[in-house]
Every structure is written in C-alpha cells, then in structure tokens.
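Report on one structure; see the data block that follows.
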Amino acid sequence: MQALTRFVLRHKALVAISWLVIAVAGAVTIGGTTHRMTNDFAMPGQAFKVNNQIVAEYGNGGSQAPYVPVLTAPPGQRMTEPAVAAEAGRVFGSIAASVPDARVVDDSSTGSARFITSDGRTTFALVFTAPVTGFSGPDLSPAISRAVAAALPRGWRFGLTGEDLLADGAPASRGTGIIVETIIGSAGALVILALVFGSFLALLPLVVGGVSVLATFLIVGGLTEITQISQIVEYLIALVGLGVGIDYSLLVVSRWREERSAGRANADAVAVAVERAGRAVVFSGLTVAIGLLSMIVLPVPMLRSVGYGGVLVPLVSVLVAVTLLPVILASVGPAVDRPRLRTERRPSRVFSSWASVVYRRRWVSAAAGLGIMAVLMAPALSLHLGLPGAAAEATSGPAHDALVMLTSGGVPAGVLTPAEVLAPAGSAPAVATRATGVNGVYAAVTPSGTASVRDGHAIVDVLPFAESSVPAGQAEVASIERALVGSPGVIGVGGTGASLIDFDHAVYGEFPLLLALLAVTTFILLTRAFRSVLLAAKAVVFNLISLTAAYGVITWVFQDGHGSMAVFGVPATGAITMWVPLMVFAFLFGLSMDYEVFIITRIREAYDSSLDARSAVVTGLGRTGRLVTSAAAILMLGFVSMSTSPQTDLKILATGLGAGILVDAVVVRCLLVPALVALFGRANWWLPTPVARLLLIRSPAVDSAIKVPDLLTRG
C-alpha cells in the first residue's frame, strides 16, 4: 500500500486524467452496454434440450410462457354452441395469421371443453411465440391485441394475460427506471455523507462511487461483446457499485481526517490513511469478489454472467478508492474539508459508550443478539424455491383482469404455464391420454393442424392445475416427468416448469459444496487480514447467520405475505424466485463482510498498540461504528431504490439484500461482534506460528506469544 500510494502521488495528473477518460468512455458507451445485456436462464438438462428442439422445429414455445388471450361472448351466447365456437376460433385464427411464427392452441384446434369456463361464455387460447431473451421485449401483446380487435364480433369482450405480462406489473406501476433509481440512491447517500462529514468532503465518496460505476460499465461493455451478460448486472453495477464505492471511500476519507486531526501533514495523512484504511478496503473488496466469483462455477449462463460482471464491482471500486481518492485528497482535500462542522479528533461518544456497555454486559448482549437472529432465521426453514405466483405478479391492470375472468370461471391459473411434451406424431394421442391420468393435470391436448406437427413430431400441451412457478405446480410437473420421460413415444418434457426443476437440480444440488469452498477461501483470507484464527472463523459463521436471517425475512414478507401487500402492493407469492437466494448469497456474503473487516481491523490495530482487549473494543467500535451504520444506510437506500422496480423478483432481491445489510450492521457487527470479542478474551488474538508463516504474516509476535492454556483467560 505504501508503494502504491507513493506511485499515485508522484503521478497525480496521470492518475486523474486516466480515470477521467475511463469515466467518460463508460458514460458514452453505457447505452450500448445495457442494450446488449440479456435475460437468458437456459441451462443444460432434459428440459433445456427439449425446449431447444421445440424452438428449432417450431420457432416458438419451449421455455417461453405463452400469451393467453381471453374471449367472452355476449349474454345469452355459449361457447358450446357451434356458431359461437366458430366465431371464437376465427378470432384466435387471426392471431396466428398476424403474429409471425405464432402457434395457437384453443378449443377449435383441440376439441377440448377445458378451454371453456364453467358458465360457457368465456374461452381462452395459448399463443406460443418465439423466445425472448431480455426483460424488455419484444412485447407481442400489441400485435395480438390489434389482430383480435380487427376480428372481434360486436358485443364480445377481450382480455390478454400471461406469465410475462403479469410479471411486468400493472401499467400504472412501471417502476422508476435504473437512472432514476440511481439518482434516488445518490441523493440519499449525499444527505447521509453530509451528516457524517459536516463538510464538502461529502461529495468525494459520490465522485469515487460514480467513477467506479462508469468504469465497471465500460469493462462489462467489453464483456458483452464476447459473452452474454444478464440485465440483472445493470442494476447491481448501478446501485451496489455506487454503495460499495461510497463505503470504501468513506473509510479512507474518515481515516485521513483522523490523521489530519492528529497533526499530520496532508501528504503523510494520505499515506497513513491508505496504508491502514486502504488495507481494510482491499481485504473487503476481495471478500466481496470471492462471493461473486462463486457464481462463475454454476452451470447457468445467466448466473455465470452475473459472476463475471458482479466481481468487477468491488474490484473496480477498490482500485478507484486506493488510486484516485488519494490523489484527490492530496490535491484538494484540505480545501474541500470545509466548514468542518464535524471532526475526527476523538472516537464517537455514542459508539464508544455503547461498546463499553456491551463489553461489561457481554453475556446479556450475546444472548440478546443470538435471540434476535434466531427469530429472523426461523422462517427460512419453510422457504420454497420457484417463481412468484400469478396473483403476486400484478394485482391490477388488464393482465390481472383477464386472469380473473378465467379463474372465476373455474379455469386454474396453471394454464398460464403448460408443460410441452414432444413426441412422434403418431404417438401424440396416446401420450395425451397417458398425461391426462397424471395427478394434478387439468388437461392434456393434441392440437391439430400443421402448426403443431413438424418434421414428424407433435406437441402435447399438458395444462396443470397450479402454476409451475409455485411448489404445488412444480410437484405436478415433476409427476408429469416421472410418468412420461423415458417412456415409449415420448422424446421429452419441456416448458417453464421443467426448466425450473432443471435449475433447482443443477444449481442447488451443488450448493453445499460451493458454500464449503467459499467459506474455506474466505476463512483463509480473513485469517491473513485479522491475524487471528478465531476472529476469521467467527466472521464466516456470522456471515452465514446473516444470510439465513435475510432468507428468513424474504420468506416471511413475500412468500408468506406479511406486509408485502402494504409495502410493495404484492400479495403472498407462495415461493421465492429461484435465482434470488443465490444472488443474495453471492452479494451479501461479501458485502456484510465489509463491516466485519472495518471493525475488526481497527480493533486489531488498537489491541496491537495497547494489548488491552477492553480498550481495543471501545476504540475500534468508537472509530468505526458511525462509519459502518452510515455505510449500511447508504447501501440500504440503493436497495430501496431497486425495490421500486415493477418486477416482483427484483423487489424480493432488493428486500433480501437490504434486510441482510441492516441486520448485519446493527445486530451482528455492533452487538454480537463486540460481545463475543469480549467473551473470547485472549483467544481472539491466537495465531499459531506455523499458520502465520504459511500465510506470510511477518509480525505474528503478539499472537504466537499466547499459549494454548491462556486461551480461556480474559484479555
């Protein structure tokens, strides 16, 4: 760190101009970068192969959920009447004629009364279209609506629903957009930073965060030219990147002010701040990066791309914080540190007093903290993976109204997510008969016509009672797979439900091994950072506890529906979006570790100076407590901004990340960490000499001086 600081301070103009050019290039190319991002969840597996074959042969369907147009005849007319049924068939036929590569499955093409509601007035169709690889389209609902409007008889009513339309939310609730969300997060961060610094220094972390975001977008833009990058990365760079960049610069700037208040010259203060606080920033960035790096080994292209793009967020933020920020502080730091309404001459009285109380009441504090975490973790035991149910996707709007027209007439919501069974054309009727007898199947139909028969193959559409996104629907699709996959006359089972099952097996089947590898890697890194075996192990365990608490919160709020309607306008989802726990794990594992590194490295520094555990805890928390809570509040604002997105899955993700950060900063780091450091006593600082040598720690004298019999004595 000293060598790096000397280099950047000798080449201030070069460093500043380089980052300026990178930031401008990132801003200029950001539109093209986001345009090239995709939302492809494909992965190897039985359903993946079948879905690909269906799309290759038919040009539609597969994992793409169908649009569901709904027609209601005037009072007195019934779809069971031949003339009325013919009119409905003509209207649905206009969709096939107007939408390229569309495949329409309805009553007229199947002869199944299951496409008609119990009152006989309403019918629906399944319109399979080409797969979509992005959040924003192409949206074929306008083309479908125009085709129906041109053919709709007088007095008939028309509605259009479908899983994707429901996921977009109500028209009046389209979200704020990534630009507005970033502005909201930045404005809130500026207010908090102004309270922390009491001077124009509050602007510096925003500058660092902004440069970090633009630089990351520039690098990710290059990656989009050679591989697929998920659109989720766009949100993570803009909001998480801004928060992490601010966090890191907040720590460095605060340490610089502290050294200036102690009487150091500006250049010396910059050097000490980067050496001490910059070291913590580097270790924090590495822990965040390790968590995101774990996504790269997963067999899901979308999640792997999140790993590629996401790992750049902390690394670029660290690089900006230890290069550009020292240049700014050395050049204009004292000039912008005005009017200095707050200084860093002494530790925070509030957090110093709090640390003293926690140290004296260590047993009570530890019990209280663990009790709170146990309550938050408990709901996670009932977490179900899937996708939000249709009722939770949109609670108003045309798509919701069309769905209600069906469900109120006895048609289950499972028709929105049919399973598609690919079979030889001659075997299709027998396969449909076999599928009809499977428990949980509402209907199994074999449409007639060339649209459903290609290259000697036919598609049997199996409509379950429950949506395949929720646990009940997944169980029904699993029953369909058990009954049909591998049996004579069946090539395979595709559709969204089968894809979700493949996702679950491919990703979460290896999750324990992934978690173990990540925990071991982080433990080694933190042992090097803290120069302590016990503190590193405690940090890893508490991170896992924080993660479980975050899972408990999103389960209780969204899956079970406690407050989700009041806060987000979303009823109980019945399941948590399949990829959200992975994303929460990857980001929260590293982000929450930031605060552990900030606090423990400062406690470690104070202990090395005094060899007094109580003084070290009070000083460490007094110096970092305000920074940790402020940093957590800034990240929380970013996640609150993300939660304004119209997509329910992004609301769940933002809530999980925000809850995890809040709980970790308040309960774990400011209550449990000081309490357990007090309880462990001298054992906190134990580092065997062989381990120190293995980790290339040059000065383990304090740690190795502690003998094993002394580990249970208080410091």
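Residues in the structure tokens are named by chain (A, B, ... in the order shown) and by number from 1 within that chain; ligands are numbered from 1 in the order shown.
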
I want to know what sits within 6 Å of stretch 373-389 of chain A, based on only C-alpha atoms, with residues of the same chain fewer than 4 positions away left out; could you give that as a list in words? Ser469, Val470, Thr548, Ala549, Tyr551, Gly552, Thr555, Trp556, Thr573, Ala575, Ile576, Thr577 and Met578 of chain A

Residue contacts of A:Ala444 (9 Å, only C-alpha atoms) excluding same-chain residues fewer than 3 positions away, as a ChimeraX atom specification: /A:112,431-436,441,460-464

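Straight-line separation from atom CA of A:Gln77 to atom CA of A:Val104: 23.2 Å.
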
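Here atom CA of A:Ala483 is placed at a distance of 27.9 Å from atom CA of A:Thr117.
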
Mind checking DSSP for stretch 316-514 of chain A and telling me the strand (DSSP E) residues as a VMD selection string? chain A and resid 385 to 386 419 to 424 441 to 445 453 to 454 457 to 464 492 to 494

Emit the selected residues as a PDB file, in the first residue's frame, including N, CA and C atoms.
```pdb
ATOM      1  N   LEU A 385     -38.564 -22.630  -3.281  1.00  0.00           N
ATOM      2  CA  LEU A 385     -37.978 -22.039  -4.479  1.00  0.00           C
ATOM      3  C   LEU A 385     -38.934 -22.190  -5.650  1.00  0.00           C
ATOM      4  N   GLY A 386     -38.992 -21.180  -6.488  1.00  0.00           N
ATOM      5  CA  GLY A 386     -39.834 -21.210  -7.680  1.00  0.00           C
ATOM      6  C   GLY A 386     -39.859 -19.845  -8.314  1.00  0.00           C
ATOM      7  N   ALA A 419     -46.924 -27.531 -19.636  1.00  0.00           N
ATOM      8  CA  ALA A 419     -45.777 -28.356 -19.998  1.00  0.00           C
ATOM      9  C   ALA A 419     -45.947 -28.764 -21.458  1.00  0.00           C
ATOM     10  N   GLU A 420     -44.834 -28.792 -22.198  1.00  0.00           N
ATOM     11  CA  GLU A 420     -44.897 -29.159 -23.609  1.00  0.00           C
ATOM     12  C   GLU A 420     -44.154 -30.483 -23.798  1.00  0.00           C
ATOM     13  N   VAL A 421     -44.896 -31.498 -24.181  1.00  0.00           N
ATOM     14  CA  VAL A 421     -44.335 -32.830 -24.367  1.00  0.00           C
ATOM     15  C   VAL A 421     -44.112 -33.052 -25.859  1.00  0.00           C
ATOM     16  N   LEU A 422     -42.861 -33.299 -26.223  1.00  0.00           N
ATOM     17  CA  LEU A 422     -42.529 -33.552 -27.626  1.00  0.00           C
ATOM     18  C   LEU A 422     -42.567 -35.055 -27.874  1.00  0.00           C
ATOM     19  N   ALA A 423     -43.295 -35.453 -28.926  1.00  0.00           N
ATOM     20  CA  ALA A 423     -43.478 -36.880 -29.205  1.00  0.00           C
ATOM     21  C   ALA A 423     -43.576 -37.092 -30.709  1.00  0.00           C
ATOM     22  N   PRO A 424     -43.311 -38.313 -31.178  1.00  0.00           N
ATOM     23  CA  PRO A 424     -43.596 -38.623 -32.590  1.00  0.00           C
ATOM     24  C   PRO A 424     -45.073 -38.396 -32.871  1.00  0.00           C
ATOM     25  N   VAL A 441     -53.074 -32.862 -13.314  1.00  0.00           N
ATOM     26  CA  VAL A 441     -53.216 -32.397 -14.699  1.00  0.00           C
ATOM     27  C   VAL A 441     -54.655 -31.960 -14.946  1.00  0.00           C
ATOM     28  N   TYR A 442     -54.829 -30.728 -15.402  1.00  0.00           N
ATOM     29  CA  TYR A 442     -56.152 -30.180 -15.724  1.00  0.00           C
ATOM     30  C   TYR A 442     -56.604 -30.649 -17.097  1.00  0.00           C
ATOM     31  N   ALA A 443     -55.676 -30.650 -18.054  1.00  0.00           N
ATOM     32  CA  ALA A 443     -55.996 -31.100 -19.407  1.00  0.00           C
ATOM     33  C   ALA A 443     -54.712 -31.452 -20.129  1.00  0.00           C
ATOM     34  N   ALA A 444     -54.809 -32.390 -21.073  1.00  0.00           N
ATOM     35  CA  ALA A 444     -53.704 -32.726 -21.970  1.00  0.00           C
ATOM     36  C   ALA A 444     -54.283 -32.821 -23.368  1.00  0.00           C
ATOM     37  N   VAL A 445     -53.791 -31.984 -24.282  1.00  0.00           N
ATOM     38  CA  VAL A 445     -54.424 -31.857 -25.592  1.00  0.00           C
ATOM     39  C   VAL A 445     -53.386 -32.020 -26.701  1.00  0.00           C
ATOM     40  N   VAL A 453     -47.619 -29.856 -35.770  1.00  0.00           N
ATOM     41  CA  VAL A 453     -46.975 -31.064 -36.271  1.00  0.00           C
ATOM     42  C   VAL A 453     -45.883 -30.648 -37.248  1.00  0.00           C
ATOM     43  N   ARG A 454     -44.636 -30.936 -36.896  1.00  0.00           N
ATOM     44  CA  ARG A 454     -43.496 -30.556 -37.739  1.00  0.00           C
ATOM     45  C   ARG A 454     -42.466 -31.688 -37.738  1.00  0.00           C
ATOM     46  N   HIS A 457     -42.948 -34.755 -35.834  1.00  0.00           N
ATOM     47  CA  HIS A 457     -43.136 -34.629 -34.390  1.00  0.00           C
ATOM     48  C   HIS A 457     -44.403 -33.839 -34.092  1.00  0.00           C
ATOM     49  N   ALA A 458     -44.950 -34.064 -32.917  1.00  0.00           N
ATOM     50  CA  ALA A 458     -46.121 -33.322 -32.455  1.00  0.00           C
ATOM     51  C   ALA A 458     -45.899 -32.895 -31.008  1.00  0.00           C
ATOM     52  N   ILE A 459     -46.607 -31.847 -30.630  1.00  0.00           N
ATOM     53  CA  ILE A 459     -46.511 -31.344 -29.255  1.00  0.00           C
ATOM     54  C   ILE A 459     -47.815 -31.645 -28.527  1.00  0.00           C
ATOM     55  N   VAL A 460     -47.677 -32.246 -27.372  1.00  0.00           N
ATOM     56  CA  VAL A 460     -48.810 -32.449 -26.476  1.00  0.00           C
ATOM     57  C   VAL A 460     -48.716 -31.386 -25.391  1.00  0.00           C
ATOM     58  N   ASP A 461     -49.719 -30.527 -25.318  1.00  0.00           N
ATOM     59  CA  ASP A 461     -49.729 -29.470 -24.305  1.00  0.00           C
ATOM     60  C   ASP A 461     -50.457 -29.977 -23.066  1.00  0.00           C
ATOM     61  N   VAL A 462     -49.717 -30.022 -21.951  1.00  0.00           N
ATOM     62  CA  VAL A 462     -50.261 -30.527 -20.695  1.00  0.00           C
ATOM     63  C   VAL A 462     -50.455 -29.338 -19.761  1.00  0.00           C
ATOM     64  N   LEU A 463     -51.701 -29.097 -19.374  1.00  0.00           N
ATOM     65  CA  LEU A 463     -52.041 -27.939 -18.553  1.00  0.00           C
ATOM     66  C   LEU A 463     -52.230 -28.385 -17.104  1.00  0.00           C
ATOM     67  N   PRO A 464     -51.371 -27.955 -16.194  1.00  0.00           N
ATOM     68  CA  PRO A 464     -51.523 -28.344 -14.790  1.00  0.00           C
ATOM     69  C   PRO A 464     -52.538 -27.455 -14.076  1.00  0.00           C
ATOM     70  N   GLY A 492     -39.388 -36.020 -24.843  1.00  0.00           N
ATOM     71  CA  GLY A 492     -39.023 -35.295 -23.630  1.00  0.00           C
ATOM     72  C   GLY A 492     -40.095 -34.317 -23.221  1.00  0.00           C
ATOM     73  N   VAL A 493     -39.928 -33.744 -22.023  1.00  0.00           N
ATOM     74  CA  VAL A 493     -40.887 -32.787 -21.473  1.00  0.00           C
ATOM     75  C   VAL A 493     -40.197 -31.435 -21.329  1.00  0.00           C
ATOM     76  N   GLY A 494     -40.805 -30.397 -21.917  1.00  0.00           N
ATOM     77  CA  GLY A 494     -40.267 -29.047 -21.830  1.00  0.00           C
ATOM     78  C   GLY A 494     -41.252 -28.102 -21.171  1.00  0.00           C
TER      79      GLY A 494
END
```

Selection: 12 Å around A:Arg361, only C-alpha atoms, excl. self and same-chain fewer than 2 positions, as a ChimeraX atom specification: /A:354-359,363-368,671-672,674-676,678-679

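The closest residue to A:Val274, picked from A:Pro429, A:Thr522, A:Gly473, A:Val8 and counting only C-alpha atoms, is A:Val8.
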
From the options A:Leu195, A:Ala27, A:Val541, A:Ala96, which residue's atoms come nearest to A:Phe523, counting only C-alpha atoms? A:Val541

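Between A:Val50 and the candidates A:Met79, A:Val485, A:Ala25, A:Val350, the tightest atom-to-atom separation, counting only C-alpha atoms, involves A:Val485.
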
With only C-alpha atoms as the counted atoms, please give the residues lying no more than 12 Å from A:Ala85, apart from itself and same-chain residues fewer than 4 positions off, as a ChimeraX atom specification. /A:71-73,77-81,89-92,106-109,111-113,115-116,120-124

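Pairwise distance (atom CA of A:Gly509, atom CA of A:Leu582) equals 12.4 Å.
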
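With only C-alpha atoms as the atoms that count, the minimum distance from A:Leu223 to the choices A:Ser254, A:Leu286, A:Ile372, A:Arg36 is reached by A:Arg36.
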
Can you check which residues of stretch 132-161 of chain A DSSP gives as alpha helix (DSSP H) on the backbone and send them as a PyMOL selection string? chain A and resi 141-151

Next, write the just-selected residues to a file, as an mmCIF file, in the first residue's frame, keeping N, CA and C atoms as the atom set.
```cif
data_model
loop_
_atom_site.group_PDB
_atom_site.id
_atom_site.type_symbol
_atom_site.label_atom_id
_atom_site.label_comp_id
_atom_site.auth_asym_id
_atom_site.auth_seq_id
_atom_site.Cartn_x
_atom_site.Cartn_y
_atom_site.Cartn_z
ATOM 1 N N SER A 141 -47.743 -8.376 -27.253
ATOM 2 C CA SER A 141 -49.136 -8.157 -26.850
ATOM 3 C C SER A 141 -49.837 -7.100 -27.710
ATOM 4 N N PRO A 142 -49.168 -6.007 -28.137
ATOM 5 C CA PRO A 142 -49.876 -5.055 -29.010
ATOM 6 C C PRO A 142 -50.305 -5.686 -30.333
ATOM 7 N N ALA A 143 -49.439 -6.524 -30.935
ATOM 8 C CA ALA A 143 -49.791 -7.169 -32.200
ATOM 9 C C ALA A 143 -50.967 -8.125 -32.014
ATOM 10 N N ILE A 144 -50.959 -8.861 -30.904
ATOM 11 C CA ILE A 144 -52.072 -9.774 -30.621
ATOM 12 C C ILE A 144 -53.360 -8.987 -30.410
ATOM 13 N N SER A 145 -53.278 -7.904 -29.677
ATOM 14 C CA SER A 145 -54.474 -7.087 -29.403
ATOM 15 C C SER A 145 -55.031 -6.480 -30.686
ATOM 16 N N ARG A 146 -54.144 -6.016 -31.565
ATOM 17 C CA ARG A 146 -54.620 -5.435 -32.830
ATOM 18 C C ARG A 146 -55.319 -6.486 -33.689
ATOM 19 N N ALA A 147 -54.740 -7.684 -33.734
ATOM 20 C CA ALA A 147 -55.350 -8.746 -34.535
ATOM 21 C C ALA A 147 -56.735 -9.107 -34.006
ATOM 22 N N VAL A 148 -56.862 -9.204 -32.691
ATOM 23 C CA VAL A 148 -58.156 -9.548 -32.093
ATOM 24 C C VAL A 148 -59.160 -8.425 -32.292
ATOM 25 N N ALA A 149 -58.717 -7.178 -32.122
ATOM 26 C CA ALA A 149 -59.631 -6.037 -32.267
ATOM 27 C C ALA A 149 -60.225 -5.988 -33.668
ATOM 28 N N ALA A 150 -59.426 -6.345 -34.674
ATOM 29 C CA ALA A 150 -59.913 -6.293 -36.050
ATOM 30 C C ALA A 150 -60.921 -7.406 -36.346
ATOM 31 N N ALA A 151 -60.833 -8.519 -35.598
ATOM 32 C CA ALA A 151 -61.711 -9.663 -35.875
ATOM 33 C C ALA A 151 -62.812 -9.843 -34.844
#
```

Using only C-alpha atoms, which residues sit within 12 Å of A:Arg338 once same-chain residues fewer than 6 positions away are excluded, as a ChimeraX atom specification? /A:194,197-203,257,332

Spatial neighbours of A:Leu403, max dist 7 Å, only C-alpha atoms, sep filter under 4 positions, as an mmCIF file with C-alpha atoms, in the first residue's frame:
```cif
data_model
loop_
_atom_site.group_PDB
_atom_site.id
_atom_site.type_symbol
_atom_site.label_atom_id
_atom_site.label_comp_id
_atom_site.auth_asym_id
_atom_site.auth_seq_id
_atom_site.Cartn_x
_atom_site.Cartn_y
_atom_site.Cartn_z
ATOM 1 C CA THR A 161 -52.889 -12.243 -19.886
ATOM 2 C CA ALA A 399 -53.477 -8.819 -17.496
ATOM 3 C CA THR A 407 -60.122 -18.272 -12.589
#
```
